[in-house]
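*Asks:* Structure file target.cif (mmCIF, C-alpha atoms and all ligand atoms) is given on the next line.
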```cif
data_input
loop_
_atom_site.group_PDB
_atom_site.id
_atom_site.type_symbol
_atom_site.label_atom_id
_atom_site.label_comp_id
_atom_site.auth_asym_id
_atom_site.auth_seq_id
_atom_site.Cartn_x
_atom_site.Cartn_y
_atom_site.Cartn_z
ATOM 1 C CA MET A 14 21.408 -54.785 -28.719
ATOM 2 C CA GLU A 15 17.791 -53.653 -29.203
ATOM 3 C CA VAL A 16 17.216 -53.390 -25.468
ATOM 4 C CA GLU A 17 20.507 -51.557 -25.011
ATOM 5 C CA ASN A 18 19.661 -49.137 -27.822
ATOM 6 C CA ALA A 19 16.213 -48.472 -26.362
ATOM 7 C CA LYS A 20 17.898 -47.432 -23.098
ATOM 8 C CA PHE A 21 20.376 -45.226 -24.898
ATOM 9 C CA LEU A 22 17.562 -43.652 -26.892
ATOM 10 C CA GLN A 23 15.715 -42.815 -23.700
ATOM 11 C CA LEU A 24 18.875 -41.259 -22.289
ATOM 12 C CA ALA A 25 19.432 -39.213 -25.446
ATOM 13 C CA GLU A 26 15.828 -37.997 -25.378
ATOM 14 C CA GLU A 27 16.088 -36.989 -21.724
ATOM 15 C CA ALA A 28 19.313 -35.093 -22.399
ATOM 16 C CA ALA A 29 17.809 -33.380 -25.455
ATOM 17 C CA ARG A 30 14.712 -32.290 -23.503
ATOM 18 C CA MET A 31 16.817 -30.922 -20.654
ATOM 19 C CA ALA A 32 19.029 -29.079 -23.119
ATOM 20 C CA GLY A 33 16.002 -27.813 -25.035
ATOM 21 C CA GLY A 34 14.500 -26.483 -21.794
ATOM 22 C CA LEU A 35 17.656 -24.531 -21.020
ATOM 23 C CA ILE A 36 17.867 -23.100 -24.531
ATOM 24 C CA LYS A 37 14.195 -22.125 -24.661
ATOM 25 C CA ALA A 38 14.445 -20.444 -21.250
ATOM 26 C CA ASN A 39 17.223 -18.263 -22.664
ATOM 27 C CA PHE A 40 15.549 -17.480 -26.004
ATOM 28 C CA GLY A 41 15.167 -13.735 -26.399
ATOM 29 C CA CYS A 42 17.319 -13.019 -23.311
ATOM 30 C CA HIS A 43 20.629 -11.238 -23.105
ATOM 31 C CA LEU A 44 23.320 -13.699 -24.202
ATOM 32 C CA GLU A 45 27.029 -13.761 -23.459
ATOM 33 C CA VAL A 46 29.005 -13.845 -26.695
ATOM 34 C CA ASP A 47 32.255 -15.852 -26.788
ATOM 35 C CA VAL A 48 33.292 -15.077 -30.360
ATOM 36 C CA MET A 49 31.695 -12.717 -32.883
ATOM 37 C CA GLU A 50 33.254 -13.284 -36.278
ATOM 38 C CA ALA A 51 32.395 -12.792 -39.936
ATOM 39 C CA HIS A 52 29.354 -14.929 -40.788
ATOM 40 C CA ASP A 53 29.243 -16.739 -37.430
ATOM 41 C CA ILE A 54 28.840 -16.385 -33.688
ATOM 42 C CA LYS A 55 29.749 -18.491 -30.651
ATOM 43 C CA ILE A 56 27.852 -18.021 -27.418
ATOM 44 C CA GLU A 57 28.439 -19.124 -23.840
ATOM 45 C CA LEU A 58 25.058 -20.889 -23.821
ATOM 46 C CA ASP A 59 26.325 -23.322 -26.483
ATOM 47 C CA ARG A 60 29.041 -24.460 -24.069
ATOM 48 C CA ARG A 61 26.720 -24.558 -21.064
ATOM 49 C CA THR A 62 24.174 -26.622 -22.978
ATOM 50 C CA GLN A 63 26.775 -29.146 -24.079
ATOM 51 C CA ARG A 64 27.982 -29.445 -20.460
ATOM 52 C CA LEU A 65 24.417 -30.198 -19.379
ATOM 53 C CA ILE A 66 24.040 -32.935 -22.008
ATOM 54 C CA GLU A 67 27.465 -34.388 -21.261
ATOM 55 C CA GLY A 68 26.811 -34.390 -17.521
ATOM 56 C CA HIS A 69 23.564 -36.340 -17.963
ATOM 57 C CA ILE A 70 25.267 -38.945 -20.155
ATOM 58 C CA LEU A 71 28.605 -39.289 -18.375
ATOM 59 C CA GLU A 72 27.001 -39.590 -14.938
ATOM 60 C CA ARG A 73 25.521 -42.868 -16.184
ATOM 61 C CA HIS A 74 28.287 -43.904 -18.600
ATOM 62 C CA PRO A 75 31.569 -42.362 -17.438
ATOM 63 C CA GLY A 76 33.623 -44.418 -19.897
ATOM 64 C CA HIS A 77 31.850 -43.087 -22.997
ATOM 65 C CA ALA A 78 33.489 -40.555 -25.310
ATOM 66 C CA ILE A 79 32.017 -37.166 -26.237
ATOM 67 C CA TYR A 80 32.476 -35.647 -29.687
ATOM 68 C CA GLY A 81 30.682 -32.324 -29.577
ATOM 69 C CA GLU A 82 30.752 -28.945 -31.261
ATOM 70 C CA GLU A 83 31.750 -27.411 -27.926
ATOM 71 C CA GLY A 84 34.420 -29.941 -26.999
ATOM 72 C CA ILE A 85 35.703 -33.463 -27.278
ATOM 73 C CA SER A 86 36.550 -35.780 -24.365
ATOM 74 C CA GLY A 87 37.272 -39.449 -23.653
ATOM 75 C CA ASN A 88 38.703 -42.100 -25.924
ATOM 76 C CA GLN A 89 37.369 -41.372 -29.419
ATOM 77 C CA ASP A 90 38.401 -44.876 -30.527
ATOM 78 C CA GLY A 91 36.574 -46.500 -27.627
ATOM 79 C CA GLU A 92 33.348 -48.470 -28.060
ATOM 80 C CA TYR A 93 30.807 -45.716 -27.419
ATOM 81 C CA GLN A 94 30.948 -42.167 -28.724
ATOM 82 C CA TRP A 95 28.227 -39.528 -28.315
ATOM 83 C CA ILE A 96 28.006 -36.948 -31.098
ATOM 84 C CA ILE A 97 26.483 -33.720 -29.810
ATOM 85 C CA ASP A 98 25.439 -30.396 -31.274
ATOM 86 C CA PRO A 99 23.972 -28.497 -28.303
ATOM 87 C CA ILE A 100 22.430 -25.706 -30.409
ATOM 88 C CA ASP A 101 22.353 -26.310 -34.135
ATOM 89 C CA GLY A 102 21.322 -23.008 -35.638
ATOM 90 C CA THR A 103 23.147 -20.731 -33.183
ATOM 91 C CA VAL A 104 22.881 -17.703 -35.479
ATOM 92 C CA ASN A 105 19.092 -18.134 -35.694
ATOM 93 C CA PHE A 106 18.914 -18.518 -31.916
ATOM 94 C CA PHE A 107 21.010 -15.437 -31.226
ATOM 95 C CA TYR A 108 18.959 -13.216 -33.521
ATOM 96 C CA GLY A 109 15.623 -14.418 -32.144
ATOM 97 C CA ILE A 110 14.662 -16.645 -35.070
ATOM 98 C CA PRO A 111 12.889 -19.648 -33.521
ATOM 99 C CA HIS A 112 14.464 -22.298 -35.735
ATOM 100 C CA PHE A 113 17.222 -24.317 -34.042
ATOM 101 C CA ALA A 114 17.608 -27.724 -32.437
ATOM 102 C CA VAL A 115 19.551 -30.019 -30.146
ATOM 103 C CA SER A 116 21.127 -32.963 -31.964
ATOM 104 C CA ILE A 117 22.443 -36.064 -30.173
ATOM 105 C CA ALA A 118 23.607 -39.366 -31.654
ATOM 106 C CA LEU A 119 25.371 -42.384 -30.185
ATOM 107 C CA ARG A 120 27.864 -44.369 -32.229
ATOM 108 C CA ARG A 121 29.034 -47.843 -31.184
ATOM 109 C CA LYS A 122 32.254 -48.941 -32.867
ATOM 110 C CA GLY A 123 31.703 -46.183 -35.428
ATOM 111 C CA VAL A 124 28.108 -47.169 -36.297
ATOM 112 C CA THR A 125 25.304 -44.817 -35.287
ATOM 113 C CA GLN A 126 22.868 -46.644 -33.009
ATOM 114 C CA VAL A 127 20.469 -43.914 -31.899
ATOM 115 C CA GLY A 128 19.719 -40.379 -32.997
ATOM 116 C CA VAL A 129 17.516 -37.615 -31.640
ATOM 117 C CA ILE A 130 16.836 -34.100 -32.847
ATOM 118 C CA TYR A 131 14.751 -31.810 -30.640
ATOM 119 C CA ASP A 132 13.206 -28.481 -31.576
ATOM 120 C CA PRO A 133 12.293 -26.958 -28.186
ATOM 121 C CA MET A 134 10.261 -24.087 -29.673
ATOM 122 C CA LYS A 135 7.847 -26.361 -31.524
ATOM 123 C CA GLU A 136 8.294 -29.214 -29.027
ATOM 124 C CA GLU A 137 9.125 -31.599 -31.840
ATOM 125 C CA MET A 138 11.279 -34.615 -31.014
ATOM 126 C CA TRP A 139 12.527 -36.847 -33.816
ATOM 127 C CA THR A 140 13.974 -40.199 -32.759
ATOM 128 C CA ALA A 141 15.419 -43.289 -34.400
ATOM 129 C CA CYS A 142 17.239 -46.489 -33.447
ATOM 130 C CA LEU A 143 19.355 -48.450 -35.914
ATOM 131 C CA GLY A 144 17.213 -51.040 -37.721
ATOM 132 C CA GLY A 145 13.928 -49.373 -36.711
ATOM 133 C CA LYS A 146 11.620 -46.638 -37.968
ATOM 134 C CA ALA A 147 11.969 -42.901 -37.522
ATOM 135 C CA TYR A 148 9.489 -41.132 -35.228
ATOM 136 C CA LEU A 149 8.266 -37.603 -34.668
ATOM 137 C CA ASN A 150 6.743 -37.171 -31.200
ATOM 138 C CA GLY A 151 6.159 -40.930 -31.088
ATOM 139 C CA GLN A 152 4.430 -41.205 -34.488
ATOM 140 C CA SER A 153 6.324 -43.056 -37.210
ATOM 141 C CA VAL A 154 7.343 -40.867 -40.150
ATOM 142 C CA GLN A 155 8.696 -41.410 -43.635
ATOM 143 C CA VAL A 156 10.423 -39.384 -46.289
ATOM 144 C CA SER A 157 8.240 -37.904 -49.038
ATOM 145 C CA THR A 158 7.482 -39.826 -52.202
ATOM 146 C CA ARG A 159 8.276 -36.885 -54.484
ATOM 147 C CA SER A 160 10.706 -37.975 -57.169
ATOM 148 C CA LYS A 161 10.859 -35.045 -59.617
ATOM 149 C CA LEU A 162 13.187 -32.151 -58.925
ATOM 150 C CA SER A 163 10.559 -29.747 -60.243
ATOM 151 C CA ASP A 164 8.253 -30.894 -57.397
ATOM 152 C CA ALA A 165 10.914 -30.862 -54.696
ATOM 153 C CA ILE A 166 11.550 -28.481 -51.784
ATOM 154 C CA LEU A 167 15.287 -28.352 -51.120
ATOM 155 C CA SER A 168 17.617 -26.817 -48.597
ATOM 156 C CA VAL A 169 21.111 -25.775 -49.616
ATOM 157 C CA GLY A 170 23.377 -24.772 -46.754
ATOM 158 C CA PHE A 171 26.696 -23.078 -46.516
ATOM 159 C CA SER A 172 28.887 -22.339 -43.552
ATOM 160 C CA LYS A 173 31.078 -19.359 -42.677
ATOM 161 C CA THR A 174 33.943 -20.203 -45.026
ATOM 162 C CA GLU A 175 34.587 -18.664 -48.432
ATOM 163 C CA GLU A 176 35.061 -22.130 -49.899
ATOM 164 C CA SER A 177 31.612 -23.315 -48.806
ATOM 165 C CA ARG A 178 30.010 -20.159 -50.241
ATOM 166 C CA GLU A 179 31.858 -20.677 -53.542
ATOM 167 C CA LYS A 180 30.324 -24.136 -53.794
ATOM 168 C CA GLY A 181 26.950 -23.370 -52.249
ATOM 169 C CA LEU A 182 25.965 -20.237 -54.160
ATOM 170 C CA PRO A 183 26.048 -21.688 -57.697
ATOM 171 C CA LEU A 184 24.179 -24.731 -56.462
ATOM 172 C CA PHE A 185 21.592 -22.543 -54.743
ATOM 173 C CA THR A 186 21.114 -20.556 -57.968
ATOM 174 C CA ARG A 187 20.732 -23.683 -60.045
ATOM 175 C CA MET A 188 18.380 -25.436 -57.622
ATOM 176 C CA SER A 189 16.272 -22.276 -57.274
ATOM 177 C CA ARG A 190 15.611 -22.557 -60.977
ATOM 178 C CA GLU A 191 15.121 -26.310 -61.167
ATOM 179 C CA ALA A 192 13.371 -27.235 -57.919
ATOM 180 C CA LYS A 193 9.920 -26.188 -56.736
ATOM 181 C CA LYS A 194 11.567 -24.082 -54.007
ATOM 182 C CA CYS A 195 15.031 -23.739 -52.557
ATOM 183 C CA ARG A 196 15.507 -22.746 -48.910
ATOM 184 C CA MET A 197 18.330 -21.932 -46.517
ATOM 185 C CA LEU A 198 16.923 -22.391 -43.046
ATOM 186 C CA GLY A 199 20.070 -22.218 -40.884
ATOM 187 C CA SER A 200 19.974 -25.549 -39.052
ATOM 188 C CA ALA A 201 21.407 -28.628 -40.747
ATOM 189 C CA ALA A 202 19.930 -30.863 -38.047
ATOM 190 C CA LEU A 203 16.399 -29.530 -38.659
ATOM 191 C CA ASP A 204 16.864 -29.753 -42.432
ATOM 192 C CA MET A 205 17.525 -33.450 -41.957
ATOM 193 C CA ALA A 206 14.711 -33.972 -39.463
ATOM 194 C CA TYR A 207 12.395 -32.251 -41.961
ATOM 195 C CA ILE A 208 13.478 -34.664 -44.715
ATOM 196 C CA ALA A 209 12.815 -37.625 -42.403
ATOM 197 C CA CYS A 210 9.189 -36.554 -41.974
ATOM 198 C CA GLY A 211 8.562 -35.485 -45.563
ATOM 199 C CA ARG A 212 8.576 -31.693 -45.208
ATOM 200 C CA LEU A 213 11.749 -31.231 -47.249
ATOM 201 C CA ASP A 214 12.994 -33.469 -50.051
ATOM 202 C CA ALA A 215 16.736 -32.835 -49.975
ATOM 203 C CA TYR A 216 19.508 -31.015 -48.163
ATOM 204 C CA ILE A 217 22.934 -30.315 -49.667
ATOM 205 C CA GLU A 218 26.007 -28.713 -48.095
ATOM 206 C CA SER A 219 29.687 -28.904 -48.975
ATOM 207 C CA GLN A 220 31.314 -28.360 -45.576
ATOM 208 C CA ILE A 221 29.674 -29.861 -42.557
ATOM 209 C CA SER A 222 30.734 -31.486 -39.279
ATOM 210 C CA LEU A 223 29.645 -34.792 -37.853
ATOM 211 C CA TRP A 224 27.785 -33.179 -34.940
ATOM 212 C CA ASP A 225 25.559 -31.302 -37.400
ATOM 213 C CA ILE A 226 24.377 -34.407 -39.207
ATOM 214 C CA ALA A 227 25.028 -37.675 -37.279
ATOM 215 C CA ALA A 228 21.550 -37.940 -35.728
ATOM 216 C CA GLY A 229 19.926 -36.663 -38.935
ATOM 217 C CA GLN A 230 21.613 -39.326 -41.031
ATOM 218 C CA LEU A 231 20.130 -42.142 -38.954
ATOM 219 C CA LEU A 232 16.705 -40.467 -38.946
ATOM 220 C CA ILE A 233 16.650 -40.141 -42.715
ATOM 221 C CA GLU A 234 17.881 -43.679 -43.307
ATOM 222 C CA CYS A 235 15.290 -45.097 -40.891
ATOM 223 C CA ALA A 236 12.625 -43.020 -42.685
ATOM 224 C CA GLY A 237 13.508 -44.505 -46.087
ATOM 225 C CA GLY A 238 15.826 -41.801 -47.428
ATOM 226 C CA GLN A 239 19.461 -41.692 -48.424
ATOM 227 C CA VAL A 240 22.463 -39.825 -47.092
ATOM 228 C CA GLU A 241 25.736 -39.566 -48.979
ATOM 229 C CA LEU A 242 28.592 -38.317 -46.808
ATOM 230 C CA THR A 243 31.970 -37.640 -48.383
ATOM 231 C CA PRO A 244 34.881 -36.874 -46.036
ATOM 232 C CA HIS A 245 37.128 -34.024 -47.165
ATOM 233 C CA SER A 246 40.536 -35.229 -48.331
ATOM 234 C CA ASP A 247 42.345 -32.478 -46.375
ATOM 235 C CA ASP A 248 40.260 -32.638 -43.180
ATOM 236 C CA ALA A 249 38.755 -35.918 -42.028
ATOM 237 C CA HIS A 250 36.448 -34.023 -39.612
ATOM 238 C CA LYS A 251 34.610 -32.223 -42.431
ATOM 239 C CA TYR A 252 32.177 -33.733 -44.918
ATOM 240 C CA SER A 253 30.134 -32.804 -47.904
ATOM 241 C CA ILE A 254 26.609 -34.109 -47.714
ATOM 242 C CA VAL A 255 23.716 -34.911 -50.014
ATOM 243 C CA ALA A 256 20.678 -36.085 -48.068
ATOM 244 C CA LYS A 257 17.408 -36.847 -49.819
ATOM 245 C CA THR A 258 14.229 -38.876 -50.130
ATOM 246 C CA GLY A 259 14.618 -42.299 -51.673
ATOM 247 C CA ASN A 260 13.554 -41.650 -55.258
ATOM 248 C CA LEU A 261 14.483 -38.043 -55.904
ATOM 249 C CA ASP A 262 16.868 -37.473 -58.790
ATOM 250 C CA LEU A 263 18.802 -34.273 -58.046
ATOM 251 C CA GLY A 264 20.704 -34.399 -61.326
ATOM 252 C CA LEU A 265 24.000 -33.686 -59.582
HETATM 253 C C1 LIG B 301 25.450 -24.536 -38.618
HETATM 254 C C2 LIG B 301 24.050 -24.821 -39.129
HETATM 255 C C3 LIG B 301 23.901 -24.338 -40.552
HETATM 256 C C4 LIG B 301 24.931 -24.952 -41.470
HETATM 257 C C5 LIG B 301 26.341 -24.674 -40.938
HETATM 258 C C6 LIG B 301 26.463 -25.194 -39.508
HETATM 259 P P1 LIG B 301 25.712 -24.111 -35.981
HETATM 260 O O1 LIG B 301 25.629 -25.060 -37.308
HETATM 261 O O2 LIG B 301 23.769 -26.188 -39.085
HETATM 262 O O3 LIG B 301 22.628 -24.657 -41.060
HETATM 263 O O4 LIG B 301 24.789 -24.399 -42.758
HETATM 264 O O5 LIG B 301 27.276 -25.311 -41.768
HETATM 265 O O6 LIG B 301 27.766 -24.893 -39.023
HETATM 266 O O7 LIG B 301 26.967 -23.310 -36.111
HETATM 267 O O8 LIG B 301 24.503 -23.276 -35.968
HETATM 268 O O9 LIG B 301 25.734 -25.107 -34.855
HETATM 269 CA CA CA B 302 25.807 -27.142 -35.845
#
```
What does the file become when written as C-alpha cells?
*Replies:*
Amino acid sequence: MEVENAKFLQLAEEAARMAGGLIKANFGCHLEVDVMEAHDIKIELDRRTQRLIEGHILERHPGHAIYGEEGISGNQDGEYQWIIDPIDGTVNFFYGIPHFAVSIALRRKGVTQVGVIYDPMKEEMWTACLGGKAYLNGQSVQVSTRSKLSDAILSVGFSKTEESREKGLPLFTRMSREAKKCRMLGSAALDMAYIACGRLDAYIESQISLWDIAAGQLLIECAGGQVELTPHSDDAHKYSIVAKTGNLDLGL
C-alpha cells in the first residue's frame, strides 16, 4: 500500500504542477467566461485545467473514476476515485488576486490515500499520504500549537448561496470579536493547506464540496489537526466543515 501510495502521490504532484503551470501562464490574461452569475464566475480555463489533470491520470489509470468540480466520469463506486478542484479560488484568479490553488486527492474504497494542494504563484506544494506526515515543498509541517481562540487566526468562508451567507456572516462577526483575526481568503484548499503548516488555526464553512476540501482534510490530519465534515441531510454532495489545529477550542 505504501509503495502504491507513493506512486499515486508522485502522479498527483505531476498533475498539479502541470495544471499550475497552465493556470499561471494564463494569470492576468484575457479569460473566456462560461458563466457570470451573482457572487460567482465559471471560466473556460477551469474546464481546460481539469481536462489536463484528468488526461495525465487516466492515461496511466484508465479504470479510475474522476470526481471533479468541472465534471464527473467513471464508476464512482469503483475502487479508485480522484477528487479534483482544478482552480480553487476562481474568483481570486479571475480578478488578478494571486491566491488560488490546484487540489487533487485520491480515494481508495472511500478512504483518502493521497492529497496535494499546489499554489503555482508562490510555488508551494503541500503533500500527504495516509499514515504519514504532511509536507510543504518536501519539508514536514505541523499544525500550530495555539489553543486559545483569542490567539487564533481563523478563516470563515461562504459560497454564493444565500443560505451559506446567512450562516457565515454571524459566525464571521462573532469570530472577528473573539479570535485574534478573522479572514476570508477565497480558497478553501489554501485555507486548509495553511492550517496544515501552522499559518492559520481554523477554517469554517457551512456549504462546501468534496473537491474543495478532500486533499486539505488529509493534509490537516497528517499534520496533527482535526477535520469535522458533516454531510447535508438534503444533499449528500455538500458538507459543512470545521477544520482546526489539534487543541484549539472554538467554542462552537
Ligand atoms: C470556492 C472557494 C471559496 C469557498 C467556496 C468555494 P471555487 O471554490 O474555495 O473559498 O468559500 O465555497 O466554492 O469556486 O473558487 O473553486
Ligand atoms: Ca473550489
*Asks:* Once the PyMOL selection byres (((chain A and resi 108) around 12) and not hetatm) has been applied to the shown file, what residues remain in the selection, as a ChimeraX atom specification?
*Replies:* /A:40-44,53-54,56,102-107,109-113,199
*Asks:* At a cut-off of 12 Å around ligand CA 302 (chain B), and using all atoms listed in the file, what residues come up? Please write them as a PDB file with C-alpha atoms, keeping the file's coordinate frame.
*Replies:*
```
ATOM      1  CA  ASP A  53      29.243 -16.739 -37.430  1.00  0.00           C
ATOM      2  CA  ILE A  54      28.840 -16.385 -33.688  1.00  0.00           C
ATOM      3  CA  LYS A  55      29.749 -18.491 -30.651  1.00  0.00           C
ATOM      4  CA  ASP A  59      26.325 -23.322 -26.483  1.00  0.00           C
ATOM      5  CA  GLN A  63      26.775 -29.146 -24.079  1.00  0.00           C
ATOM      6  CA  GLY A  81      30.682 -32.324 -29.577  1.00  0.00           C
ATOM      7  CA  GLU A  82      30.752 -28.945 -31.261  1.00  0.00           C
ATOM      8  CA  GLU A  83      31.750 -27.411 -27.926  1.00  0.00           C
ATOM      9  CA  ILE A  96      28.006 -36.948 -31.098  1.00  0.00           C
ATOM     10  CA  ILE A  97      26.483 -33.720 -29.810  1.00  0.00           C
ATOM     11  CA  ASP A  98      25.439 -30.396 -31.274  1.00  0.00           C
ATOM     12  CA  PRO A  99      23.972 -28.497 -28.303  1.00  0.00           C
ATOM     13  CA  ILE A 100      22.430 -25.706 -30.409  1.00  0.00           C
ATOM     14  CA  ASP A 101      22.353 -26.310 -34.135  1.00  0.00           C
ATOM     15  CA  GLY A 102      21.322 -23.008 -35.638  1.00  0.00           C
ATOM     16  CA  THR A 103      23.147 -20.731 -33.183  1.00  0.00           C
ATOM     17  CA  VAL A 104      22.881 -17.703 -35.479  1.00  0.00           C
ATOM     18  CA  ASN A 105      19.092 -18.134 -35.694  1.00  0.00           C
ATOM     19  CA  PHE A 106      18.914 -18.518 -31.916  1.00  0.00           C
ATOM     20  CA  PHE A 113      17.222 -24.317 -34.042  1.00  0.00           C
ATOM     21  CA  ALA A 114      17.608 -27.724 -32.437  1.00  0.00           C
ATOM     22  CA  VAL A 115      19.551 -30.019 -30.146  1.00  0.00           C
ATOM     23  CA  SER A 116      21.127 -32.963 -31.964  1.00  0.00           C
ATOM     24  CA  ILE A 117      22.443 -36.064 -30.173  1.00  0.00           C
ATOM     25  CA  ILE A 130      16.836 -34.100 -32.847  1.00  0.00           C
ATOM     26  CA  GLY A 170      23.377 -24.772 -46.754  1.00  0.00           C
ATOM     27  CA  PHE A 171      26.696 -23.078 -46.516  1.00  0.00           C
ATOM     28  CA  SER A 172      28.887 -22.339 -43.552  1.00  0.00           C
ATOM     29  CA  LYS A 173      31.078 -19.359 -42.677  1.00  0.00           C
ATOM     30  CA  GLY A 199      20.070 -22.218 -40.884  1.00  0.00           C
ATOM     31  CA  SER A 200      19.974 -25.549 -39.052  1.00  0.00           C
ATOM     32  CA  ALA A 201      21.407 -28.628 -40.747  1.00  0.00           C
ATOM     33  CA  ALA A 202      19.930 -30.863 -38.047  1.00  0.00           C
ATOM     34  CA  LEU A 203      16.399 -29.530 -38.659  1.00  0.00           C
ATOM     35  CA  ASP A 204      16.864 -29.753 -42.432  1.00  0.00           C
ATOM     36  CA  GLN A 220      31.314 -28.360 -45.576  1.00  0.00           C
ATOM     37  CA  ILE A 221      29.674 -29.861 -42.557  1.00  0.00           C
ATOM     38  CA  SER A 222      30.734 -31.486 -39.279  1.00  0.00           C
ATOM     39  CA  LEU A 223      29.645 -34.792 -37.853  1.00  0.00           C
ATOM     40  CA  TRP A 224      27.785 -33.179 -34.940  1.00  0.00           C
ATOM     41  CA  ASP A 225      25.559 -31.302 -37.400  1.00  0.00           C
ATOM     42  CA  ILE A 226      24.377 -34.407 -39.207  1.00  0.00           C
ATOM     43  CA  ALA A 227      25.028 -37.675 -37.279  1.00  0.00           C
ATOM     44  CA  ALA A 228      21.550 -37.940 -35.728  1.00  0.00           C
ATOM     45  CA  GLY A 229      19.926 -36.663 -38.935  1.00  0.00           C
TER      46      GLY A 229
END
```
*Asks:* Around (24.6, -25.7, -23.5), as given in the file, which residues come within 8 Å? Count all atoms listed in the file and list them as a list in words.
*Replies:*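 Residues satisfying the cut-off, written out: Ala32, Leu35, Ile36, Glu57, Leu58, Asp59, Arg60, Arg61, Thr62, Gln63, Arg64, Leu65, Ile66, Pro99 and Ile100 of chain A.
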*Asks:* Check what the PyMOL selection byres (((chain A and resi 239) around 9) and not hetatm) selects in the file above and give those residues as a list in words.
*Replies:*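 On this input, the PyMOL selection byres (((chain A and resi 239) around 9) and not hetatm) captures Gln230, Ile233, Glu234, Gly237, Gly238, Val240, Glu241, Val255, Ala256, Lys257, Thr258 and Gly259 of chain A.
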*Asks:* Go through A:Glu137, A:Glu92, A:Glu191, A:Glu72 one by one, measure the shortest atom-to-atom distance of each to Thr125 (chain A) using all atoms listed in the file, and give the residue with the smallest value.
*Replies:*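 Closest residue, counting all atoms listed in the file: A:Glu92.
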